[in-house]
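To keep things clear, I will list the structure first and then write my remarks on it.
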Amino acid sequence: MDLAEAVYRVSEGFPKQEAFGLTSQLHRAAVSIPSNIAEGKERDSSREFLRFLSIAMGSLAELETQLLSSSRLGYVAGVDNQALIPLLDEMGKMLRGFKKCLEQQQGV
């Protein structure tokens, strides 16, 4: 949730012509991460939860790519980028660790 909030705050300064483009994609990817974790948690099996964690990891990769594009286009200031990169890294570590733990419990 912290990452999604940070993305929304950073994208407030994006050009208006990006409202239905890059800004929208960033928002969807950022919200998709915690949404898929929550949905997977409420599923009936660990196997389904693992699938939703994989989807969340895909959304994280999308978000990272979109933020890099935003930075290259000059939409994200260096200070904002420096604040977001550790959040992306932390989220990636948490998702990989959580996924590994569930896989070990399942014997996958």
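Simple scheme: letters A, B, ... for chains in structure tokens order, numbers from 1 for residues in each chain, numbers from 1 for ligands in the order shown.
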*Do you know which residues are at most 9 Å from region 10-17 of chain A counting only C-alpha atoms, after dropping those on the same chain fewer than 3 positions away, and could you put them as a count of residues only?*
15
*Identify, on the basis of only C-alpha atoms, every residue whose closest approach to Ala56 (chain A) does not exceed 12 Å; exclude the query and any residue fewer than 3 positions from it along the same chain; express the result as a ChimeraX atom specification.*
/A:28-40,49-53,59-63,91-92,94-96,98-99
Alpha helix (DSSP H) residues, from DSSP on the backbone, in chain A, as a PDB file with N, CA and C atoms, in the first residue's frame:
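Here's the written file states22.pdb:
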```pdb
ATOM      1  N   ASP A   2       1.992   1.207   0.735  1.00  0.00           N
ATOM      2  CA  ASP A   2       2.892   2.367   0.760  1.00  0.00           C
ATOM      3  C   ASP A   2       3.435   2.681  -0.628  1.00  0.00           C
ATOM      4  N   LEU A   3       3.782   1.630  -1.356  1.00  0.00           N
ATOM      5  CA  LEU A   3       4.308   1.819  -2.709  1.00  0.00           C
ATOM      6  C   LEU A   3       3.247   2.431  -3.614  1.00  0.00           C
ATOM      7  N   ALA A   4       2.031   1.923  -3.548  1.00  0.00           N
ATOM      8  CA  ALA A   4       0.944   2.467  -4.379  1.00  0.00           C
ATOM      9  C   ALA A   4       0.712   3.937  -4.052  1.00  0.00           C
ATOM     10  N   GLU A   5       0.703   4.257  -2.770  1.00  0.00           N
ATOM     11  CA  GLU A   5       0.511   5.653  -2.363  1.00  0.00           C
ATOM     12  C   GLU A   5       1.631   6.536  -2.894  1.00  0.00           C
ATOM     13  N   ALA A   6       2.867   6.061  -2.802  1.00  0.00           N
ATOM     14  CA  ALA A   6       4.012   6.839  -3.285  1.00  0.00           C
ATOM     15  C   ALA A   6       3.921   7.065  -4.795  1.00  0.00           C
ATOM     16  N   VAL A   7       3.488   6.055  -5.525  1.00  0.00           N
ATOM     17  CA  VAL A   7       3.347   6.187  -6.980  1.00  0.00           C
ATOM     18  C   VAL A   7       2.287   7.229  -7.318  1.00  0.00           C
ATOM     19  N   TYR A   8       1.169   7.177  -6.620  1.00  0.00           N
ATOM     20  CA  TYR A   8       0.114   8.171  -6.867  1.00  0.00           C
ATOM     21  C   TYR A   8       0.634   9.579  -6.598  1.00  0.00           C
ATOM     22  N   ARG A   9       1.381   9.742  -5.526  1.00  0.00           N
ATOM     23  CA  ARG A   9       1.895  11.075  -5.179  1.00  0.00           C
ATOM     24  C   ARG A   9       2.901  11.574  -6.223  1.00  0.00           C
ATOM     25  N   VAL A  10       3.793  10.691  -6.656  1.00  0.00           N
ATOM     26  CA  VAL A  10       4.796  11.082  -7.646  1.00  0.00           C
ATOM     27  C   VAL A  10       4.138  11.448  -8.969  1.00  0.00           C
ATOM     28  N   SER A  11       3.107  10.704  -9.349  1.00  0.00           N
ATOM     29  CA  SER A  11       2.484  10.929 -10.652  1.00  0.00           C
ATOM     30  C   SER A  11       1.593  12.172 -10.693  1.00  0.00           C
ATOM     31  N   LEU A  22       0.533   6.898 -19.489  1.00  0.00           N
ATOM     32  CA  LEU A  22       1.499   6.403 -18.514  1.00  0.00           C
ATOM     33  C   LEU A  22       1.005   6.535 -17.077  1.00  0.00           C
ATOM     34  N   THR A  23       0.343   7.633 -16.760  1.00  0.00           N
ATOM     35  CA  THR A  23      -0.164   7.822 -15.396  1.00  0.00           C
ATOM     36  C   THR A  23      -1.159   6.728 -15.044  1.00  0.00           C
ATOM     37  N   SER A  24      -2.072   6.456 -15.934  1.00  0.00           N
ATOM     38  CA  SER A  24      -3.074   5.416 -15.708  1.00  0.00           C
ATOM     39  C   SER A  24      -2.425   4.041 -15.563  1.00  0.00           C
ATOM     40  N   GLN A  25      -1.431   3.755 -16.401  1.00  0.00           N
ATOM     41  CA  GLN A  25      -0.737   2.469 -16.320  1.00  0.00           C
ATOM     42  C   GLN A  25      -0.001   2.326 -14.994  1.00  0.00           C
ATOM     43  N   LEU A  26       0.648   3.395 -14.563  1.00  0.00           N
ATOM     44  CA  LEU A  26       1.349   3.376 -13.274  1.00  0.00           C
ATOM     45  C   LEU A  26       0.379   3.087 -12.137  1.00  0.00           C
ATOM     46  N   HIS A  27      -0.739   3.772 -12.145  1.00  0.00           N
ATOM     47  CA  HIS A  27      -1.735   3.584 -11.080  1.00  0.00           C
ATOM     48  C   HIS A  27      -2.253   2.158 -11.059  1.00  0.00           C
ATOM     49  N   ARG A  28      -2.587   1.627 -12.233  1.00  0.00           N
ATOM     50  CA  ARG A  28      -3.122   0.258 -12.296  1.00  0.00           C
ATOM     51  C   ARG A  28      -2.100  -0.761 -11.795  1.00  0.00           C
ATOM     52  N   ALA A  29      -0.850  -0.623 -12.226  1.00  0.00           N
ATOM     53  CA  ALA A  29       0.189  -1.570 -11.797  1.00  0.00           C
ATOM     54  C   ALA A  29       0.440  -1.462 -10.298  1.00  0.00           C
ATOM     55  N   ALA A  30       0.489  -0.226  -9.782  1.00  0.00           N
ATOM     56  CA  ALA A  30       0.763  -0.018  -8.356  1.00  0.00           C
ATOM     57  C   ALA A  30      -0.345  -0.587  -7.480  1.00  0.00           C
ATOM     58  N   VAL A  31      -1.586  -0.410  -7.885  1.00  0.00           N
ATOM     59  CA  VAL A  31      -2.727  -0.912  -7.108  1.00  0.00           C
ATOM     60  C   VAL A  31      -2.882  -2.420  -7.283  1.00  0.00           C
ATOM     61  N   SER A  32      -2.450  -2.925  -8.423  1.00  0.00           N
ATOM     62  CA  SER A  32      -2.561  -4.357  -8.706  1.00  0.00           C
ATOM     63  C   SER A  32      -1.730  -5.194  -7.735  1.00  0.00           C
ATOM     64  N   ILE A  33      -0.614  -4.676  -7.281  1.00  0.00           N
ATOM     65  CA  ILE A  33       0.272  -5.453  -6.409  1.00  0.00           C
ATOM     66  C   ILE A  33      -0.434  -5.817  -5.094  1.00  0.00           C
ATOM     67  N   PRO A  34      -0.861  -4.855  -4.274  1.00  0.00           N
ATOM     68  CA  PRO A  34      -1.537  -5.239  -3.029  1.00  0.00           C
ATOM     69  C   PRO A  34      -2.890  -5.911  -3.270  1.00  0.00           C
ATOM     70  N   SER A  35      -3.550  -5.560  -4.379  1.00  0.00           N
ATOM     71  CA  SER A  35      -4.849  -6.166  -4.681  1.00  0.00           C
ATOM     72  C   SER A  35      -4.709  -7.663  -4.944  1.00  0.00           C
ATOM     73  N   ASN A  36      -3.681  -8.045  -5.700  1.00  0.00           N
ATOM     74  CA  ASN A  36      -3.476  -9.462  -5.980  1.00  0.00           C
ATOM     75  C   ASN A  36      -3.026 -10.232  -4.737  1.00  0.00           C
ATOM     76  N   ILE A  37      -2.262  -9.600  -3.884  1.00  0.00           N
ATOM     77  CA  ILE A  37      -1.876 -10.248  -2.624  1.00  0.00           C
ATOM     78  C   ILE A  37      -3.125 -10.504  -1.790  1.00  0.00           C
ATOM     79  N   ALA A  38      -3.978  -9.494  -1.677  1.00  0.00           N
ATOM     80  CA  ALA A  38      -5.204  -9.636  -0.888  1.00  0.00           C
ATOM     81  C   ALA A  38      -6.135 -10.690  -1.485  1.00  0.00           C
ATOM     82  N   GLU A  39      -6.309 -10.652  -2.797  1.00  0.00           N
ATOM     83  CA  GLU A  39      -7.203 -11.625  -3.427  1.00  0.00           C
ATOM     84  C   GLU A  39      -6.661 -13.044  -3.274  1.00  0.00           C
ATOM     85  N   GLY A  40      -5.367 -13.207  -3.484  1.00  0.00           N
ATOM     86  CA  GLY A  40      -4.766 -14.532  -3.342  1.00  0.00           C
ATOM     87  C   GLY A  40      -4.882 -15.084  -1.938  1.00  0.00           C
ATOM     88  N   LYS A  41      -4.753 -14.210  -0.960  1.00  0.00           N
ATOM     89  CA  LYS A  41      -4.857 -14.617   0.445  1.00  0.00           C
ATOM     90  C   LYS A  41      -6.227 -15.202   0.753  1.00  0.00           C
ATOM     91  N   SER A  46      -3.209 -22.692  -1.085  1.00  0.00           N
ATOM     92  CA  SER A  46      -1.891 -22.069  -1.197  1.00  0.00           C
ATOM     93  C   SER A  46      -1.448 -22.006  -2.645  1.00  0.00           C
ATOM     94  N   ARG A  47      -1.860 -22.998  -3.421  1.00  0.00           N
ATOM     95  CA  ARG A  47      -1.496 -23.018  -4.841  1.00  0.00           C
ATOM     96  C   ARG A  47      -2.059 -21.785  -5.561  1.00  0.00           C
ATOM     97  N   GLU A  48      -3.314 -21.460  -5.277  1.00  0.00           N
ATOM     98  CA  GLU A  48      -3.912 -20.267  -5.886  1.00  0.00           C
ATOM     99  C   GLU A  48      -3.236 -19.005  -5.364  1.00  0.00           C
ATOM    100  N   PHE A  49      -2.913 -19.003  -4.067  1.00  0.00           N
ATOM    101  CA  PHE A  49      -2.229 -17.845  -3.490  1.00  0.00           C
ATOM    102  C   PHE A  49      -0.893 -17.627  -4.203  1.00  0.00           C
ATOM    103  N   LEU A  50      -0.167 -18.702  -4.469  1.00  0.00           N
ATOM    104  CA  LEU A  50       1.104 -18.593  -5.191  1.00  0.00           C
ATOM    105  C   LEU A  50       0.906 -17.984  -6.578  1.00  0.00           C
ATOM    106  N   ARG A  51      -0.174 -18.363  -7.228  1.00  0.00           N
ATOM    107  CA  ARG A  51      -0.470 -17.812  -8.557  1.00  0.00           C
ATOM    108  C   ARG A  51      -0.683 -16.301  -8.474  1.00  0.00           C
ATOM    109  N   PHE A  52      -1.421 -15.860  -7.458  1.00  0.00           N
ATOM    110  CA  PHE A  52      -1.676 -14.427  -7.304  1.00  0.00           C
ATOM    111  C   PHE A  52      -0.413 -13.667  -6.885  1.00  0.00           C
ATOM    112  N   LEU A  53       0.462 -14.322  -6.133  1.00  0.00           N
ATOM    113  CA  LEU A  53       1.739 -13.690  -5.802  1.00  0.00           C
ATOM    114  C   LEU A  53       2.585 -13.516  -7.065  1.00  0.00           C
ATOM    115  N   SER A  54       2.514 -14.480  -7.963  1.00  0.00           N
ATOM    116  CA  SER A  54       3.233 -14.366  -9.238  1.00  0.00           C
ATOM    117  C   SER A  54       2.688 -13.206 -10.061  1.00  0.00           C
ATOM    118  N   ILE A  55       1.385 -13.042 -10.047  1.00  0.00           N
ATOM    119  CA  ILE A  55       0.767 -11.921 -10.764  1.00  0.00           C
ATOM    120  C   ILE A  55       1.227 -10.598 -10.151  1.00  0.00           C
ATOM    121  N   ALA A  56       1.285 -10.553  -8.821  1.00  0.00           N
ATOM    122  CA  ALA A  56       1.756  -9.343  -8.137  1.00  0.00           C
ATOM    123  C   ALA A  56       3.200  -9.041  -8.523  1.00  0.00           C
ATOM    124  N   MET A  57       4.013 -10.078  -8.657  1.00  0.00           N
ATOM    125  CA  MET A  57       5.410  -9.878  -9.065  1.00  0.00           C
ATOM    126  C   MET A  57       5.482  -9.337 -10.495  1.00  0.00           C
ATOM    127  N   GLY A  58       4.591  -9.810 -11.356  1.00  0.00           N
ATOM    128  CA  GLY A  58       4.531  -9.278 -12.713  1.00  0.00           C
ATOM    129  C   GLY A  58       4.143  -7.809 -12.726  1.00  0.00           C
ATOM    130  N   SER A  59       3.193  -7.447 -11.875  1.00  0.00           N
ATOM    131  CA  SER A  59       2.777  -6.043 -11.765  1.00  0.00           C
ATOM    132  C   SER A  59       3.916  -5.178 -11.238  1.00  0.00           C
ATOM    133  N   LEU A  60       4.706  -5.732 -10.333  1.00  0.00           N
ATOM    134  CA  LEU A  60       5.860  -5.003  -9.807  1.00  0.00           C
ATOM    135  C   LEU A  60       6.870  -4.736 -10.926  1.00  0.00           C
ATOM    136  N   ALA A  61       7.100  -5.734 -11.775  1.00  0.00           N
ATOM    137  CA  ALA A  61       8.020  -5.554 -12.900  1.00  0.00           C
ATOM    138  C   ALA A  61       7.484  -4.499 -13.878  1.00  0.00           C
ATOM    139  N   GLU A  62       6.172  -4.535 -14.125  1.00  0.00           N
ATOM    140  CA  GLU A  62       5.545  -3.515 -14.977  1.00  0.00           C
ATOM    141  C   GLU A  62       5.761  -2.125 -14.388  1.00  0.00           C
ATOM    142  N   LEU A  63       5.506  -2.008 -13.093  1.00  0.00           N
ATOM    143  CA  LEU A  63       5.626  -0.726 -12.410  1.00  0.00           C
ATOM    144  C   LEU A  63       7.050  -0.198 -12.495  1.00  0.00           C
ATOM    145  N   GLU A  64       8.012  -1.071 -12.284  1.00  0.00           N
ATOM    146  CA  GLU A  64       9.406  -0.647 -12.358  1.00  0.00           C
ATOM    147  C   GLU A  64       9.743  -0.126 -13.759  1.00  0.00           C
ATOM    148  N   THR A  65       9.290  -0.834 -14.775  1.00  0.00           N
ATOM    149  CA  THR A  65       9.537  -0.419 -16.159  1.00  0.00           C
ATOM    150  C   THR A  65       8.876   0.922 -16.448  1.00  0.00           C
ATOM    151  N   GLN A  66       7.648   1.089 -15.988  1.00  0.00           N
ATOM    152  CA  GLN A  66       6.925   2.342 -16.218  1.00  0.00           C
ATOM    153  C   GLN A  66       7.585   3.505 -15.487  1.00  0.00           C
ATOM    154  N   LEU A  67       8.092   3.253 -14.286  1.00  0.00           N
ATOM    155  CA  LEU A  67       8.789   4.311 -13.548  1.00  0.00           C
ATOM    156  C   LEU A  67      10.106   4.681 -14.227  1.00  0.00           C
ATOM    157  N   LEU A  68      10.801   3.686 -14.761  1.00  0.00           N
ATOM    158  CA  LEU A  68      12.040   3.975 -15.495  1.00  0.00           C
ATOM    159  C   LEU A  68      11.733   4.795 -16.744  1.00  0.00           C
ATOM    160  N   SER A  69      10.667   4.450 -17.441  1.00  0.00           N
ATOM    161  CA  SER A  69      10.249   5.229 -18.610  1.00  0.00           C
ATOM    162  C   SER A  69       9.907   6.655 -18.210  1.00  0.00           C
ATOM    163  N   SER A  70       9.175   6.785 -17.114  1.00  0.00           N
ATOM    164  CA  SER A  70       8.791   8.112 -16.612  1.00  0.00           C
ATOM    165  C   SER A  70      10.016   8.947 -16.275  1.00  0.00           C
ATOM    166  N   SER A  71      10.994   8.305 -15.687  1.00  0.00           N
ATOM    167  CA  SER A  71      12.223   9.000 -15.330  1.00  0.00           C
ATOM    168  C   SER A  71      12.976   9.447 -16.584  1.00  0.00           C
ATOM    169  N   ARG A  72      13.058   8.556 -17.556  1.00  0.00           N
ATOM    170  CA  ARG A  72      13.761   8.885 -18.801  1.00  0.00           C
ATOM    171  C   ARG A  72      13.078  10.023 -19.552  1.00  0.00           C
ATOM    172  N   GLY A  78      14.777  13.165  -9.743  1.00  0.00           N
ATOM    173  CA  GLY A  78      15.768  12.268  -9.142  1.00  0.00           C
ATOM    174  C   GLY A  78      15.480  11.949  -7.693  1.00  0.00           C
ATOM    175  N   VAL A  79      14.996  12.932  -6.951  1.00  0.00           N
ATOM    176  CA  VAL A  79      14.677  12.732  -5.533  1.00  0.00           C
ATOM    177  C   VAL A  79      13.543  11.726  -5.389  1.00  0.00           C
ATOM    178  N   ASP A  80      12.519  11.865  -6.220  1.00  0.00           N
ATOM    179  CA  ASP A  80      11.388  10.934  -6.174  1.00  0.00           C
ATOM    180  C   ASP A  80      11.825   9.530  -6.565  1.00  0.00           C
ATOM    181  N   ASN A  81      12.669   9.448  -7.581  1.00  0.00           N
ATOM    182  CA  ASN A  81      13.173   8.158  -8.027  1.00  0.00           C
ATOM    183  C   ASN A  81      13.962   7.475  -6.915  1.00  0.00           C
ATOM    184  N   GLN A  82      14.769   8.238  -6.205  1.00  0.00           N
ATOM    185  CA  GLN A  82      15.565   7.680  -5.110  1.00  0.00           C
ATOM    186  C   GLN A  82      14.686   7.184  -3.976  1.00  0.00           C
ATOM    187  N   ALA A  83      13.519   7.757  -3.811  1.00  0.00           N
ATOM    188  CA  ALA A  83      12.594   7.314  -2.770  1.00  0.00           C
ATOM    189  C   ALA A  83      11.837   6.066  -3.218  1.00  0.00           C
ATOM    190  N   LEU A  84      11.535   5.958  -4.505  1.00  0.00           N
ATOM    191  CA  LEU A  84      10.744   4.832  -5.007  1.00  0.00           C
ATOM    192  C   LEU A  84      11.560   3.553  -5.186  1.00  0.00           C
ATOM    193  N   ILE A  85      12.803   3.675  -5.603  1.00  0.00           N
ATOM    194  CA  ILE A  85      13.618   2.487  -5.876  1.00  0.00           C
ATOM    195  C   ILE A  85      13.721   1.576  -4.648  1.00  0.00           C
ATOM    196  N   PRO A  86      13.996   2.112  -3.442  1.00  0.00           N
ATOM    197  CA  PRO A  86      14.036   1.216  -2.277  1.00  0.00           C
ATOM    198  C   PRO A  86      12.686   0.552  -1.995  1.00  0.00           C
ATOM    199  N   LEU A  87      11.586   1.251  -2.248  1.00  0.00           N
ATOM    200  CA  LEU A  87      10.265   0.645  -2.056  1.00  0.00           C
ATOM    201  C   LEU A  87      10.038  -0.504  -3.039  1.00  0.00           C
ATOM    202  N   LEU A  88      10.460  -0.311  -4.283  1.00  0.00           N
ATOM    203  CA  LEU A  88      10.351  -1.375  -5.289  1.00  0.00           C
ATOM    204  C   LEU A  88      11.201  -2.578  -4.882  1.00  0.00           C
ATOM    205  N   ASP A  89      12.435  -2.304  -4.463  1.00  0.00           N
ATOM    206  CA  ASP A  89      13.336  -3.385  -4.048  1.00  0.00           C
ATOM    207  C   ASP A  89      12.778  -4.148  -2.853  1.00  0.00           C
ATOM    208  N   GLU A  90      12.283  -3.408  -1.875  1.00  0.00           N
ATOM    209  CA  GLU A  90      11.721  -4.038  -0.676  1.00  0.00           C
ATOM    210  C   GLU A  90      10.509  -4.901  -1.031  1.00  0.00           C
ATOM    211  N   MET A  91       9.643  -4.391  -1.889  1.00  0.00           N
ATOM    212  CA  MET A  91       8.462  -5.154  -2.293  1.00  0.00           C
ATOM    213  C   MET A  91       8.875  -6.425  -3.023  1.00  0.00           C
ATOM    214  N   GLY A  92       9.857  -6.339  -3.881  1.00  0.00           N
ATOM    215  CA  GLY A  92      10.341  -7.509  -4.602  1.00  0.00           C
ATOM    216  C   GLY A  92      10.890  -8.565  -3.653  1.00  0.00           C
ATOM    217  N   LYS A  93      11.667  -8.138  -2.687  1.00  0.00           N
ATOM    218  CA  LYS A  93      12.221  -9.079  -1.700  1.00  0.00           C
ATOM    219  C   LYS A  93      11.115  -9.737  -0.887  1.00  0.00           C
ATOM    220  N   MET A  94      10.137  -8.942  -0.488  1.00  0.00           N
ATOM    221  CA  MET A  94       9.035  -9.501   0.306  1.00  0.00           C
ATOM    222  C   MET A  94       8.233 -10.516  -0.506  1.00  0.00           C
ATOM    223  N   LEU A  95       7.924 -10.184  -1.742  1.00  0.00           N
ATOM    224  CA  LEU A  95       7.147 -11.098  -2.575  1.00  0.00           C
ATOM    225  C   LEU A  95       7.909 -12.394  -2.849  1.00  0.00           C
ATOM    226  N   ARG A  96       9.204 -12.275  -3.184  1.00  0.00           N
ATOM    227  CA  ARG A  96       9.998 -13.476  -3.442  1.00  0.00           C
ATOM    228  C   ARG A  96      10.124 -14.335  -2.193  1.00  0.00           C
ATOM    229  N   GLY A  97      10.328 -13.693  -1.043  1.00  0.00           N
ATOM    230  CA  GLY A  97      10.440 -14.435   0.212  1.00  0.00           C
ATOM    231  C   GLY A  97       9.139 -15.122   0.588  1.00  0.00           C
ATOM    232  N   PHE A  98       8.050 -14.425   0.422  1.00  0.00           N
ATOM    233  CA  PHE A  98       6.738 -14.976   0.744  1.00  0.00           C
ATOM    234  C   PHE A  98       6.426 -16.157  -0.179  1.00  0.00           C
ATOM    235  N   LYS A  99       6.722 -15.985  -1.454  1.00  0.00           N
ATOM    236  CA  LYS A  99       6.476 -17.039  -2.438  1.00  0.00           C
ATOM    237  C   LYS A  99       7.326 -18.273  -2.118  1.00  0.00           C
ATOM    238  N   LYS A 100       8.587 -18.050  -1.796  1.00  0.00           N
ATOM    239  CA  LYS A 100       9.488 -19.161  -1.464  1.00  0.00           C
ATOM    240  C   LYS A 100       8.995 -19.916  -0.236  1.00  0.00           C
ATOM    241  N   CYS A 101       8.542 -19.189   0.768  1.00  0.00           N
ATOM    242  CA  CYS A 101       8.023 -19.801   1.993  1.00  0.00           C
ATOM    243  C   CYS A 101       6.797 -20.672   1.697  1.00  0.00           C
ATOM    244  N   LEU A 102       5.872 -20.156   0.894  1.00  0.00           N
ATOM    245  CA  LEU A 102       4.681 -20.942   0.543  1.00  0.00           C
ATOM    246  C   LEU A 102       5.035 -22.156  -0.292  1.00  0.00           C
ATOM    247  N   GLU A 103       6.008 -22.008  -1.190  1.00  0.00           N
ATOM    248  CA  GLU A 103       6.427 -23.140  -2.017  1.00  0.00           C
ATOM    249  C   GLU A 103       7.047 -24.233  -1.152  1.00  0.00           C
ATOM    250  N   GLN A 104       7.824 -23.843  -0.150  1.00  0.00           N
ATOM    251  CA  GLN A 104       8.434 -24.824   0.748  1.00  0.00           C
ATOM    252  C   GLN A 104       7.364 -25.543   1.574  1.00  0.00           C
ATOM    253  N   GLN A 105       6.361 -24.823   2.007  1.00  0.00           N
ATOM    254  CA  GLN A 105       5.263 -25.439   2.764  1.00  0.00           C
ATOM    255  C   GLN A 105       4.515 -26.445   1.902  1.00  0.00           C
ATOM    256  N   GLN A 106       4.405 -26.145   0.614  1.00  0.00           N
ATOM    257  CA  GLN A 106       3.680 -27.012  -0.299  1.00  0.00           C
ATOM    258  C   GLN A 106       4.556 -28.119  -0.857  1.00  0.00           C
TER     259      GLN A 106
END
```
